[in-house]
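Data first, discussion second: the structure below is written as C-alpha cells.
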Amino acid sequence: MATLSAAQYLYEKYGLSVDPYMTLVGYFNALRELGGLRRVLDDAIRTRLRQMDKRGLANRQLGTYSIEELTSRIGATQIPEILDRLGATFDPAHDEERKKKRKSGQKISPSSYPIDVLLATNMISVGVDVPRLGLMVVEGQPKYTSEYIQATSRIGRRYPGWSLQCITGRVHVT
C-alpha cells in the first residue's frame, strides 16, 4: 500500500519519469495467497489508498481495470491483452486525454488504462518482457533460487528495479 501511494506522490511531482514504479508486480508462490491479496486489494487497500493523505502520502485511485492477474486462472486470450496493457505508461498527457474523453461522453477502451497492480504466479517468470516495470513485491520465498532470479528479473530491465521480499511477515528490501 505504501509503495503504491509513494509512487503516486512521486508521479504527481515528477510525472512520466516515475512510470516504472507506478505498476506494482506482486509475485506469489501459490494461488491461495494471491487470491487472498486480491480480495484485500479489491476492498481494504482500495479504500485506504483513497485516504493516504492522512499519513503524509498521496491518495491513489485504483480503478475498475487497474488490477490484473497473470496466472493459470486467466484464459489464454487474455494473456496478450494483459501484456499489452503492461506496456501502457502512466503519462500525465494520456491522463488528460482520458479525462477530456470522459467529460465529452466518449467511450474509453479499458486497454488504454495502464495497470496499477499485477498479481502473478510463476507464469511471469518465463517469457514476460516488459521493460518499463520497476517495482515488485515477492510474497514468500520461491522454492528454487532459479525461480526467484527468473521472477525478479522481470523488473529493472530498462530502469533500476526495486524488489521487496515478504518472508514470514517481514519485509526485506533488495
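FYI, nothing fancy with the C-alpha cells labels: chains A, B, ... in order, residues from 1 per chain, ligands from 1 as they appear.
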Segment 13-22 of chain A environment, 9 Å, only C-alpha atoms, sequence neighbours closer than 6 positions dropped, as a list in words:
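Here the answer would be Thr3, Leu4, Ala7, Thr89, Phe90, Asp91, Pro92, Ala93, Ile115, Asp116, Val117, Pro131, Arg132, Leu133, Gly134, Leu135, Met136, Ile155, Gly156, Arg158, Tyr159, Pro160, Gly161 and Trp162 of chain A.
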Do a neighbour search on Gly35 of chain A at 12 Å with only C-alpha atoms, toss out local chain neighbours closer than 4 positions, and write the hits as JSON, numbers by chain.
{"A": [26, 27, 28, 29, 30, 31, 39, 40, 41, 42, 68, 69, 70, 71, 73, 119, 120, 121]}
Enumerate as a list in words all residues of segment 96-135 of chain A assigned to helix (DSSP H, G or I) by DSSP on the backbone, naming them with the chain letters and numbers the document uses.
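For segment 96-135 of chain A, the helix (DSSP H, G or I) set is Glu96, Glu97, Arg98, Lys99, Lys100, Lys101, Arg102, Lys103, Pro110, Ser111, Ser112, Asn122, Met123, Ile124 and Ser125 of chain A.
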Store the residues picked out above in a file with N, CA, C and O atoms, as an mmCIF file, in the first residue's frame.
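What follows is the written file result02.cif:
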data_model
loop_
_atom_site.group_PDB
_atom_site.id
_atom_site.type_symbol
_atom_site.label_atom_id
_atom_site.label_comp_id
_atom_site.auth_asym_id
_atom_site.auth_seq_id
_atom_site.Cartn_x
_atom_site.Cartn_y
_atom_site.Cartn_z
ATOM 1 N N GLU A 96 -4.742 13.349 -19.100
ATOM 2 C CA GLU A 96 -5.556 14.494 -19.520
ATOM 3 C C GLU A 96 -6.450 14.137 -20.703
ATOM 4 O O GLU A 96 -7.609 14.530 -20.750
ATOM 5 N N GLU A 97 -5.902 13.390 -21.666
ATOM 6 C CA GLU A 97 -6.699 12.963 -22.825
ATOM 7 C C GLU A 97 -7.897 12.120 -22.379
ATOM 8 O O GLU A 97 -9.014 12.322 -22.866
ATOM 9 N N ARG A 98 -7.658 11.172 -21.457
ATOM 10 C CA ARG A 98 -8.753 10.327 -20.974
ATOM 11 C C ARG A 98 -9.799 11.153 -20.233
ATOM 12 O O ARG A 98 -10.999 10.921 -20.372
ATOM 13 N N LYS A 99 -9.366 12.142 -19.441
ATOM 14 C CA LYS A 99 -10.314 13.000 -18.722
ATOM 15 C C LYS A 99 -11.193 13.776 -19.702
ATOM 16 O O LYS A 99 -12.401 13.895 -19.516
ATOM 17 N N LYS A 100 -10.581 14.300 -20.753
ATOM 18 C CA LYS A 100 -11.341 15.049 -21.756
ATOM 19 C C LYS A 100 -12.352 14.151 -22.458
ATOM 20 O O LYS A 100 -13.490 14.549 -22.695
ATOM 21 N N LYS A 101 -11.941 12.936 -22.791
ATOM 22 C CA LYS A 101 -12.848 12.000 -23.450
ATOM 23 C C LYS A 101 -14.024 11.653 -22.546
ATOM 24 O O LYS A 101 -15.166 11.566 -22.994
ATOM 25 N N ARG A 102 -13.742 11.418 -21.247
ATOM 26 C CA ARG A 102 -14.817 11.104 -20.306
ATOM 27 C C ARG A 102 -15.812 12.255 -20.203
ATOM 28 O O ARG A 102 -17.023 12.048 -20.188
ATOM 29 N N LYS A 103 -15.284 13.483 -20.117
ATOM 30 C CA LYS A 103 -16.159 14.654 -19.994
ATOM 31 C C LYS A 103 -17.030 14.830 -21.230
ATOM 32 O O LYS A 103 -18.178 15.252 -21.126
ATOM 33 N N PRO A 110 -10.879 -0.030 -22.071
ATOM 34 C CA PRO A 110 -10.121 -0.449 -20.884
ATOM 35 C C PRO A 110 -8.640 -0.678 -21.187
ATOM 36 O O PRO A 110 -7.797 -0.502 -20.327
ATOM 37 N N SER A 111 -8.334 -1.038 -22.423
ATOM 38 C CA SER A 111 -6.931 -1.304 -22.774
ATOM 39 C C SER A 111 -6.083 -0.037 -22.789
ATOM 40 O O SER A 111 -4.863 -0.114 -22.810
ATOM 41 N N SER A 112 -6.713 1.130 -22.758
ATOM 42 C CA SER A 112 -5.935 2.371 -22.751
ATOM 43 C C SER A 112 -5.463 2.744 -21.342
ATOM 44 O O SER A 112 -4.656 3.646 -21.184
ATOM 45 N N ASN A 122 4.222 -18.081 -10.896
ATOM 46 C CA ASN A 122 5.425 -18.360 -11.678
ATOM 47 C C ASN A 122 5.216 -18.194 -13.178
ATOM 48 O O ASN A 122 6.159 -18.245 -13.951
ATOM 49 N N MET A 123 3.990 -17.948 -13.600
ATOM 50 C CA MET A 123 3.705 -17.692 -15.001
ATOM 51 C C MET A 123 4.492 -16.476 -15.523
ATOM 52 O O MET A 123 4.831 -16.404 -16.695
ATOM 53 N N ILE A 124 4.800 -15.529 -14.645
ATOM 54 C CA ILE A 124 5.525 -14.328 -15.056
ATOM 55 C C ILE A 124 7.019 -14.598 -15.242
ATOM 56 O O ILE A 124 7.720 -13.837 -15.889
ATOM 57 N N SER A 125 7.490 -15.712 -14.721
ATOM 58 C CA SER A 125 8.926 -15.996 -14.713
ATOM 59 C C SER A 125 9.527 -16.254 -16.082
ATOM 60 O O SER A 125 10.728 -16.083 -16.271
#
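The smallest atom-to-atom distance between Gln141 of chain A and any of A:Met52, A:Cys166, A:Leu10, A:Leu57, using only C-alpha atoms, is found for A:Cys166.
If you measure from each of A:Val25, A:Ile108, A:Arg38, A:Met1 to Arg50 of chain A using only C-alpha atoms, the closest one turns out to be A:Met1.
Distances to Arg157 of chain A were evaluated for A:Ala2, A:Leu118, A:Val130, A:Val138 using only C-alpha atoms, and the minimum falls at A:Val130.
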So, counting only C-alpha atoms, which residue among A:Pro142, A:Gly87, A:Pro114, A:Pro80 is closest to Tyr65 of chain A?
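The shortest atom-to-atom distance to Tyr65 of chain A comes from A:Pro114.
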